$ cat start.csv   # CSV, N, CA and C atoms
chain,number,residue,atom,x,y,z
A,1,GLN,N,19.0,-4.3,4.6
A,1,GLN,CA,18.1,-3.4,4.0
A,1,GLN,C,16.8,-4.1,3.7
A,2,GLU,N,15.7,-3.3,3.9
A,2,GLU,CA,14.4,-3.8,3.6
A,2,GLU,C,14.2,-4.0,2.1
A,3,GLN,N,13.6,-5.2,1.8
A,3,GLN,CA,13.3,-5.4,0.4
A,3,GLN,C,11.8,-5.8,0.3
A,4,LEU,N,11.1,-5.3,-0.6
A,4,LEU,CA,9.7,-5.6,-0.8
A,4,LEU,C,9.4,-6.2,-2.1
A,5,VAL,N,8.7,-7.4,-2.1
A,5,VAL,CA,8.4,-8.1,-3.3
A,5,VAL,C,6.9,-8.2,-3.4
A,6,GLN,N,6.3,-7.7,-4.5
A,6,GLN,CA,4.9,-7.6,-4.7
A,6,GLN,C,4.4,-8.8,-5.6
A,7,SER,N,3.2,-9.1,-5.4
A,7,SER,CA,2.5,-10.1,-6.2
A,7,SER,C,1.0,-9.7,-6.3
A,8,GLY,N,0.3,-10.3,-7.3
A,8,GLY,CA,-1.1,-9.9,-7.5
A,8,GLY,C,-1.2,-8.9,-8.6
A,9,GLY,N,-2.3,-8.3,-8.8
A,9,GLY,CA,-2.6,-7.4,-9.9
A,9,GLY,C,-3.0,-8.1,-11.1
A,10,GLY,N,-3.1,-7.3,-12.2
A,10,GLY,CA,-3.6,-7.8,-13.5
A,10,GLY,C,-4.8,-7.1,-14.0
A,11,TRP,N,-5.6,-7.7,-14.8
A,11,TRP,CA,-6.7,-7.1,-15.4
A,11,TRP,C,-8.0,-7.6,-14.8
A,12,VAL,N,-8.9,-6.6,-14.6
A,12,VAL,CA,-10.2,-7.0,-14.0
A,12,VAL,C,-11.3,-6.0,-14.6
A,13,GLN,N,-12.5,-6.5,-14.7
A,13,GLN,CA,-13.6,-5.7,-15.2
A,13,GLN,C,-14.1,-4.7,-14.1
A,14,PRO,N,-14.7,-3.6,-14.5
A,14,PRO,CA,-15.2,-2.7,-13.5
A,14,PRO,C,-16.2,-3.4,-12.6
A,15,GLY,N,-16.0,-3.1,-11.3
A,15,GLY,CA,-16.8,-3.8,-10.3
A,15,GLY,C,-16.2,-5.0,-9.7
A,16,GLY,N,-15.1,-5.4,-10.3
A,16,GLY,CA,-14.4,-6.6,-9.8
A,16,GLY,C,-13.5,-6.4,-8.7
A,17,SER,N,-12.8,-7.4,-8.3
A,17,SER,CA,-11.9,-7.4,-7.1
A,17,SER,C,-10.5,-7.9,-7.5
A,18,LEU,N,-9.5,-7.4,-6.8
A,18,LEU,CA,-8.2,-8.0,-6.8
A,18,LEU,C,-7.5,-7.8,-5.5
A,19,ARG,N,-6.5,-8.6,-5.2
A,19,ARG,CA,-5.8,-8.5,-4.0
A,19,ARG,C,-4.3,-8.4,-4.3
A,20,LEU,N,-3.6,-7.4,-3.8
A,20,LEU,CA,-2.2,-7.3,-3.9
A,20,LEU,C,-1.5,-7.8,-2.6
A,21,SER,N,-0.4,-8.4,-2.8
A,21,SER,CA,0.4,-8.8,-1.6
A,21,SER,C,1.8,-8.2,-1.7
A,22,CYS,N,2.4,-8.0,-0.6
A,22,CYS,CA,3.8,-7.5,-0.6
A,22,CYS,C,4.5,-8.2,0.6
A,23,VAL,N,5.6,-8.9,0.3
A,23,VAL,CA,6.3,-9.6,1.3
A,23,VAL,C,7.6,-8.8,1.5
A,24,ALA,N,7.9,-8.6,2.8
A,24,ALA,CA,9.1,-7.9,3.2
A,24,ALA,C,10.2,-8.8,3.7
A,25,SER,N,11.4,-8.6,3.2
A,25,SER,CA,12.6,-9.3,3.8
A,25,SER,C,13.3,-8.4,4.7
A,26,GLY,N,14.2,-8.9,5.4
A,26,GLY,CA,14.9,-8.1,6.4
A,26,GLY,C,14.4,-8.4,7.8
A,27,ASP,N,14.9,-7.8,8.8
A,27,ASP,CA,14.6,-8.1,10.2
A,27,ASP,C,13.8,-7.0,10.9
A,28,THR,N,13.3,-6.0,10.1
A,28,THR,CA,12.7,-4.9,10.8
A,28,THR,C,11.2,-4.7,10.3
A,29,PHE,N,10.6,-5.6,9.6
A,29,PHE,CA,9.3,-5.5,9.1
A,29,PHE,C,8.3,-5.1,10.2
A,30,ASN,N,8.4,-5.8,11.4
A,30,ASN,CA,7.5,-5.6,12.4
A,30,ASN,C,7.6,-4.2,13.0
A,31,GLY,N,8.6,-3.5,12.8
A,31,GLY,CA,8.7,-2.1,13.3
A,31,GLY,C,8.3,-1.1,12.3
A,32,TYR,N,7.9,-1.5,11.1
A,32,TYR,CA,7.7,-0.6,10.0
A,32,TYR,C,6.2,-0.3,9.8
A,33,ALA,N,5.9,0.9,9.5
A,33,ALA,CA,4.6,1.2,8.9
A,33,ALA,C,4.7,0.8,7.4
A,34,MET,N,3.6,0.3,6.9
A,34,MET,CA,3.5,-0.2,5.5
A,34,MET,C,2.4,0.5,4.8
A,35,GLY,N,2.5,0.5,3.5
A,35,GLY,CA,1.4,1.2,2.7
A,35,GLY,C,1.5,0.9,1.3
A,36,TRP,N,0.6,1.6,0.6
A,36,TRP,CA,0.5,1.4,-0.9
A,36,TRP,C,0.3,2.8,-1.5
A,37,PHE,N,1.0,3.0,-2.6
A,37,PHE,CA,0.9,4.1,-3.5
A,37,PHE,C,0.5,3.6,-4.9
A,38,ARG,N,0.0,4.5,-5.7
A,38,ARG,CA,-0.2,4.1,-7.1
A,38,ARG,C,0.2,5.3,-8.0
A,39,GLN,N,0.5,4.9,-9.3
A,39,GLN,CA,0.9,5.9,-10.2
A,39,GLN,C,0.2,5.6,-11.6
A,40,ALA,N,-0.6,6.5,-12.0
A,40,ALA,CA,-1.3,6.3,-13.3
A,40,ALA,C,-0.4,7.0,-14.4
A,41,PRO,N,-0.5,6.6,-15.6
A,41,PRO,CA,0.3,7.2,-16.7
A,41,PRO,C,0.3,8.7,-16.7
A,42,GLY,N,1.5,9.3,-16.7
A,42,GLY,CA,1.6,10.7,-16.7
A,42,GLY,C,1.3,11.5,-15.5
A,43,LYS,N,1.1,10.7,-14.4
A,43,LYS,CA,0.7,11.3,-13.1
A,43,LYS,C,1.8,11.0,-12.0
A,44,GLU,N,1.7,11.8,-10.9
A,44,GLU,CA,2.6,11.5,-9.9
A,44,GLU,C,2.1,10.4,-9.0
A,45,HIS,N,3.0,9.9,-8.1
A,45,HIS,CA,2.6,8.9,-7.1
A,45,HIS,C,1.4,9.4,-6.3
A,46,GLU,N,0.4,8.6,-6.1
A,46,GLU,CA,-0.8,9.0,-5.3
A,46,GLU,C,-0.9,8.0,-4.1
A,47,PHE,N,-1.0,8.6,-2.9
A,47,PHE,CA,-1.2,7.8,-1.7
A,47,PHE,C,-2.5,7.0,-1.8
A,48,VAL,N,-2.4,5.7,-1.4
A,48,VAL,CA,-3.6,4.9,-1.4
A,48,VAL,C,-4.0,4.5,0.0
A,49,ALA,N,-3.1,3.9,0.8
A,49,ALA,CA,-3.4,3.5,2.1
A,49,ALA,C,-2.2,3.2,2.9
A,50,THR,N,-2.3,3.3,4.2
A,50,THR,CA,-1.2,2.9,5.1
A,50,THR,C,-1.7,2.2,6.3
A,51,ILE,N,-0.8,1.4,6.9
A,51,ILE,CA,-1.2,0.7,8.2
A,51,ILE,C,0.0,0.7,9.1
A,52,SER,N,-0.3,0.9,10.4
A,52,SER,CA,0.8,1.0,11.4
A,52,SER,C,1.4,-0.4,11.6
A,53,TRP,N,2.5,-0.5,12.3
A,53,TRP,CA,3.1,-1.8,12.4
A,53,TRP,C,2.3,-2.8,13.3
A,54,SER,N,1.5,-2.2,14.2
A,54,SER,CA,0.6,-3.0,15.0
A,54,SER,C,-0.6,-3.4,14.3
A,55,GLY,N,-1.0,-2.7,13.2
A,55,GLY,CA,-2.2,-3.0,12.4
A,55,GLY,C,-3.4,-2.3,13.0
A,56,TYR,N,-3.3,-1.6,14.1
A,56,TYR,CA,-4.4,-0.9,14.7
A,56,TYR,C,-4.8,0.4,14.0
A,57,MET,N,-3.9,1.0,13.3
A,57,MET,CA,-4.1,2.3,12.7
A,57,MET,C,-4.1,2.1,11.2
A,58,THR,N,-5.1,2.5,10.5
A,58,THR,CA,-5.1,2.5,9.0
A,58,THR,C,-5.7,3.8,8.5
A,59,TYR,N,-5.2,4.2,7.4
A,59,TYR,CA,-5.6,5.4,6.7
A,59,TYR,C,-5.8,5.1,5.2
A,60,TYR,N,-6.8,5.8,4.6
A,60,TYR,CA,-7.1,5.6,3.2
A,60,TYR,C,-7.2,6.9,2.5
A,61,ALA,N,-6.9,6.9,1.2
A,61,ALA,CA,-7.2,8.1,0.4
A,61,ALA,C,-8.8,8.1,0.2
A,62,ASP,N,-9.3,9.3,0.1
A,62,ASP,CA,-10.8,9.4,0.0
A,62,ASP,C,-11.3,8.6,-1.3
A,63,SER,N,-10.4,8.6,-2.3
A,63,SER,CA,-10.9,7.9,-3.6
A,63,SER,C,-11.0,6.4,-3.4
A,64,VAL,N,-10.5,5.8,-2.4
A,64,VAL,CA,-10.6,4.4,-2.3
A,64,VAL,C,-11.3,3.9,-1.0
A,65,LYS,N,-11.6,4.9,-0.1
A,65,LYS,CA,-12.2,4.6,1.2
A,65,LYS,C,-13.5,3.9,1.0
A,66,GLY,N,-13.7,2.8,1.7
A,66,GLY,CA,-14.9,2.0,1.6
A,66,GLY,C,-14.8,0.9,0.5
A,67,ARG,N,-13.8,1.0,-0.3
A,67,ARG,CA,-13.7,-0.1,-1.4
A,67,ARG,C,-12.4,-0.9,-1.2
A,68,PHE,N,-11.3,-0.3,-0.7
A,68,PHE,CA,-10.1,-0.9,-0.5
A,68,PHE,C,-9.8,-1.2,1.0
A,69,THR,N,-9.1,-2.3,1.3
A,69,THR,CA,-8.8,-2.6,2.7
A,69,THR,C,-7.3,-3.0,2.7
A,70,ILE,N,-6.6,-2.3,3.6
A,70,ILE,CA,-5.2,-2.7,3.8
A,70,ILE,C,-5.1,-3.5,5.1
A,71,SER,N,-4.3,-4.5,5.1
A,71,SER,CA,-4.1,-5.4,6.3
A,71,SER,C,-2.7,-5.9,6.2
A,72,ARG,N,-2.3,-6.5,7.4
A,72,ARG,CA,-0.9,-7.1,7.4
A,72,ARG,C,-0.9,-8.3,8.3
A,73,ASP,N,0.0,-9.2,8.0
A,73,ASP,CA,0.3,-10.4,8.8
A,73,ASP,C,1.7,-10.4,9.1
A,74,ASN,N,2.0,-9.9,10.3
A,74,ASN,CA,3.4,-9.8,10.7
A,74,ASN,C,4.2,-11.1,10.8
A,75,ALA,N,3.4,-12.2,11.1
A,75,ALA,CA,4.1,-13.5,11.1
A,75,ALA,C,4.6,-13.9,9.8
A,76,LYS,N,4.0,-13.4,8.7
A,76,LYS,CA,4.4,-13.7,7.4
A,76,LYS,C,5.1,-12.5,6.7
A,77,ASN,N,5.4,-11.5,7.4
A,77,ASN,CA,6.1,-10.3,6.9
A,77,ASN,C,5.3,-9.8,5.6
A,78,THR,N,4.0,-9.8,5.7
A,78,THR,CA,3.3,-9.5,4.4
A,78,THR,C,2.2,-8.5,4.7
A,79,VAL,N,2.0,-7.6,3.8
A,79,VAL,CA,1.0,-6.6,3.8
A,79,VAL,C,0.1,-6.8,2.5
A,80,TYR,N,-1.2,-6.6,2.7
A,80,TYR,CA,-2.1,-6.9,1.6
A,80,TYR,C,-2.9,-5.6,1.3
A,81,LEU,N,-3.4,-5.5,0.1
A,81,LEU,CA,-4.4,-4.5,-0.3
A,81,LEU,C,-5.5,-5.2,-1.1
A,82,GLN,N,-6.6,-5.3,-0.4
A,82,GLN,CA,-7.8,-5.9,-1.0
A,82,GLN,C,-8.6,-4.8,-1.7
A,83,MET,N,-8.8,-4.9,-3.0
A,83,MET,CA,-9.4,-3.9,-3.8
A,83,MET,C,-10.8,-4.4,-4.3
A,84,ASN,N,-11.8,-3.9,-3.9
A,84,ASN,CA,-13.2,-4.2,-4.3
A,84,ASN,C,-13.8,-3.1,-5.1
A,85,SER,N,-14.9,-3.4,-5.8
A,85,SER,CA,-15.6,-2.4,-6.6
A,85,SER,C,-14.7,-1.6,-7.4
A,86,LEU,N,-13.8,-2.2,-8.1
A,86,LEU,CA,-12.8,-1.5,-8.9
A,86,LEU,C,-13.4,-0.7,-10.0
A,87,LYS,N,-12.8,0.5,-10.2
A,87,LYS,CA,-13.3,1.4,-11.3
A,87,LYS,C,-12.1,1.6,-12.3
A,88,PRO,N,-12.5,2.1,-13.5
A,88,PRO,CA,-11.4,2.3,-14.5
A,88,PRO,C,-10.4,3.3,-14.0
A,89,GLU,N,-10.8,4.3,-13.2
A,89,GLU,CA,-9.9,5.3,-12.6
A,89,GLU,C,-8.9,4.7,-11.6
A,90,ASP,N,-9.1,3.5,-11.2
A,90,ASP,CA,-8.1,2.8,-10.3
A,90,ASP,C,-7.0,2.2,-11.1
A,91,THR,N,-7.1,2.2,-12.4
A,91,THR,CA,-6.0,1.7,-13.3
A,91,THR,C,-4.7,2.5,-13.0
A,92,ALA,N,-3.6,1.7,-12.6
A,92,ALA,CA,-2.4,2.3,-12.3
A,92,ALA,C,-1.4,1.2,-12.0
A,93,VAL,N,-0.1,1.6,-11.8
A,93,VAL,CA,0.9,0.8,-11.2
A,93,VAL,C,0.9,1.0,-9.7
A,94,TYR,N,0.7,-0.1,-9.0
A,94,TYR,CA,0.6,0.0,-7.5
A,94,TYR,C,1.9,-0.4,-6.9
A,95,TYR,N,2.4,0.4,-5.9
A,95,TYR,CA,3.6,0.2,-5.3
A,95,TYR,C,3.4,0.0,-3.8
A,96,CYS,N,4.0,-1.1,-3.2
A,96,CYS,CA,4.1,-1.3,-1.8
A,96,CYS,C,5.2,-0.4,-1.3
A,97,ALA,N,5.1,0.1,0.0
A,97,ALA,CA,6.1,0.9,0.5
A,97,ALA,C,6.2,0.7,2.0
A,98,ALA,N,7.4,1.1,2.6
A,98,ALA,CA,7.6,0.9,4.0
A,98,ALA,C,8.4,2.1,4.6
A,99,ARG,N,8.0,2.3,5.9
A,99,ARG,CA,8.7,3.4,6.5
A,99,ARG,C,8.9,3.1,8.0
A,100,SER,N,10.1,3.3,8.5
A,100,SER,CA,10.3,3.2,10.0
A,100,SER,C,10.1,4.6,10.6
A,101,LEU,N,9.0,4.7,11.3
A,101,LEU,CA,8.7,6.0,11.8
A,101,LEU,C,9.7,6.4,13.0
A,102,PRO,N,10.1,7.7,13.0
A,102,PRO,CA,10.9,8.1,14.2
A,102,PRO,C,10.1,7.9,15.5
A,103,TRP,N,10.9,7.6,16.5
A,103,TRP,CA,10.3,7.4,17.8
A,103,TRP,C,9.3,8.5,18.2
A,104,GLY,N,8.1,8.1,18.7
A,104,GLY,CA,7.2,9.1,19.1
A,104,GLY,C,6.3,9.7,18.0
A,105,THR,N,6.6,9.3,16.8
A,105,THR,CA,5.8,9.9,15.6
A,105,THR,C,4.6,9.0,15.4
A,106,LEU,N,3.4,9.5,15.3
A,106,LEU,CA,2.2,8.8,15.0
A,106,LEU,C,2.1,8.7,13.5
A,107,LEU,N,1.6,7.5,13.1
A,107,LEU,CA,1.3,7.3,11.7
A,107,LEU,C,0.2,8.2,11.2
A,108,SER,N,0.3,8.8,10.1
A,108,SER,CA,-0.7,9.5,9.4
A,108,SER,C,-0.3,9.6,7.9
A,109,PRO,N,-1.2,10.0,7.0
A,109,PRO,CA,-0.8,10.1,5.6
A,109,PRO,C,0.3,11.1,5.4
A,110,SER,N,0.3,12.2,6.3
A,110,SER,CA,1.4,13.2,6.1
A,110,SER,C,2.8,12.7,6.6
A,111,GLU,N,2.8,11.5,7.3
A,111,GLU,CA,4.0,10.9,7.7
A,111,GLU,C,4.4,9.7,6.8
A,112,PHE,N,3.6,9.6,5.7
A,112,PHE,CA,3.8,8.4,4.8
A,112,PHE,C,3.8,9.0,3.4
A,113,THR,N,4.7,9.9,3.1
A,113,THR,CA,4.8,10.5,1.7
A,113,THR,C,6.0,9.9,1.0
A,114,PRO,N,6.0,10.0,-0.3
A,114,PRO,CA,7.1,9.3,-1.1
A,114,PRO,C,8.5,9.6,-0.6
A,115,HIS,N,8.7,10.9,-0.2
A,115,HIS,CA,10.1,11.2,0.2
A,115,HIS,C,10.4,10.7,1.6
A,116,ASP,N,9.4,10.2,2.3
A,116,ASP,CA,9.7,9.7,3.7
A,116,ASP,C,10.1,8.2,3.7
A,117,LEU,N,9.9,7.5,2.6
A,117,LEU,CA,9.9,6.1,2.6
A,117,LEU,C,11.3,5.5,2.6
A,118,ASP,N,11.4,4.3,3.3
A,118,ASP,CA,12.6,3.6,3.4
A,118,ASP,C,12.8,2.5,2.3
A,119,ALA,N,11.7,2.0,1.8
A,119,ALA,CA,11.8,1.0,0.8
A,119,ALA,C,10.5,1.0,-0.1
A,120,TRP,N,10.7,0.6,-1.3
A,120,TRP,CA,9.6,0.4,-2.3
A,120,TRP,C,9.6,-1.0,-2.9
A,121,GLY,N,8.4,-1.4,-3.2
A,121,GLY,CA,8.3,-2.6,-4.0
A,121,GLY,C,8.5,-2.3,-5.5
A,122,GLN,N,8.5,-3.4,-6.3
A,122,GLN,CA,8.9,-3.2,-7.7
A,122,GLN,C,7.7,-2.7,-8.5
A,123,GLY,N,6.5,-2.7,-8.0
A,123,GLY,CA,5.4,-2.2,-8.7
A,123,GLY,C,4.6,-3.3,-9.4
A,124,THR,N,3.3,-3.2,-9.5
A,124,THR,CA,2.5,-4.1,-10.2
A,124,THR,C,1.3,-3.4,-10.9
A,125,LEU,N,1.1,-3.8,-12.1
A,125,LEU,CA,0.0,-3.1,-12.9
A,125,LEU,C,-1.3,-3.6,-12.6
A,126,VAL,N,-2.3,-2.7,-12.3
A,126,VAL,CA,-3.7,-3.1,-12.2
A,126,VAL,C,-4.4,-2.3,-13.3
A,127,THR,N,-5.1,-3.1,-14.1
A,127,THR,CA,-5.9,-2.5,-15.2
A,127,THR,C,-7.4,-2.9,-15.0
A,128,VAL,N,-8.2,-1.8,-15.0
A,128,VAL,CA,-9.6,-2.0,-14.8
A,128,VAL,C,-10.3,-1.5,-16.1
A,129,SER,N,-10.9,-2.4,-16.8
A,129,SER,CA,-11.5,-2.0,-18.1
A,129,SER,C,-12.5,-3.1,-18.5
A,130,SER,N,-13.4,-2.7,-19.3
A,130,SER,CA,-14.3,-3.7,-19.9
A,130,SER,C,-13.9,-4.2,-21.3

$ encode --input "start.csv" --output "structure tokens"
Amino acid sequence: QEQLVQSGGGWVQPGGSLRLSCVASGDTFNGYAMGWFRQAPGKEHEFVATISWSGYMTYYADSVKGRFTISRDNAKNTVYLQMNSLKPEDTAVYYCAARSLPWGTLLSPSEFTPHDLDAWGQGTLVTVSS
């Protein structure tokens, strides 16, 4: 079974940067689409970004486009979320997630929703405030 262990996060001032990491165990990381969700207090999980197993396809929520970058290193079984120009509204618990797409299914945000996922990370808090 896929297990995802996150690191990174913490507190940062508005305009600052943070990088989240997520290491996958198991033998199927290279076949999985990976991504990030976030959940602010009192709100549902919000899609942030996703990346195909090859790394060639990436998608972002409009709210983070141009500020966040998702990437992966398959040799290290690791996916990253580089967050720049952080805003107070980015404050949330961030979750790494994985999905093994059915054969022939192209990655898109609609194929990477919470009920589709095969594994979740433990979550890490990101706080953006002055």

$ atom_distance --input "start.csv" --atom1 "CA of Glu46 in chain A" --atom2 "atom N of Lys76 in chain A"
26.8 Å

$ residues_around --input "start.csv" --residues "range 113-126 of chain A" --least-positions-apart "5" --cutoff "6 Å" --atoms "only C-alpha atoms" --output "MDAnalysis selection string"
chainID A and resid 4:5 9:11 91:99

$ residues_around --input "start.csv" --residues "Ile51 in chain A" --least-positions-apart "6" --cutoff "5 Å" --atoms "only N, CA and C atoms" --output "list in words"
Ala33, Met34, Gly35, Met57 and Thr58 of chain A

$ closest_residue --input "start.csv" --among "A:Ser108, A:Pro102, A:Ala40, A:Tyr80" --to "Tyr59 in chain A" --atoms "only N, CA and C atoms"
A:Ser108

$ closest_residue --input "start.csv" --among "A:Val128, A:Ser7, A:Trp103, A:Asn74" --to "Arg19 in chain A" --atoms "all atoms listed in the file"
A:Ser7

$ select_by_dssp --input "start.csv" --residues "chain A" --states "strand (DSSP E)" --output "VMD selection string"
chain A and resid 3 to 7 10 to 12 18 to 25 33 to 39 46 to 51 58 to 60 68 to 73 78 to 83 92 to 99 119 to 120 124 to 128

$ closest_residue --input "start.csv" --among "A:Phe47, A:Leu86, A:Leu107, A:Ser21" --to "Ser129 in chain A" --atoms "all atoms listed in the file"
A:Leu86

$ atom_distance --input "start.csv" --atom1 "CA of Ala49 in chain A" --atom2 "atom C of Ser130 in chain A"
26.8 Å

$ atom_distance --input "start.csv" --atom1 "CA of Pro88 in chain A" --atom2 "atom N of Lys43 in chain A"
15.1 Å
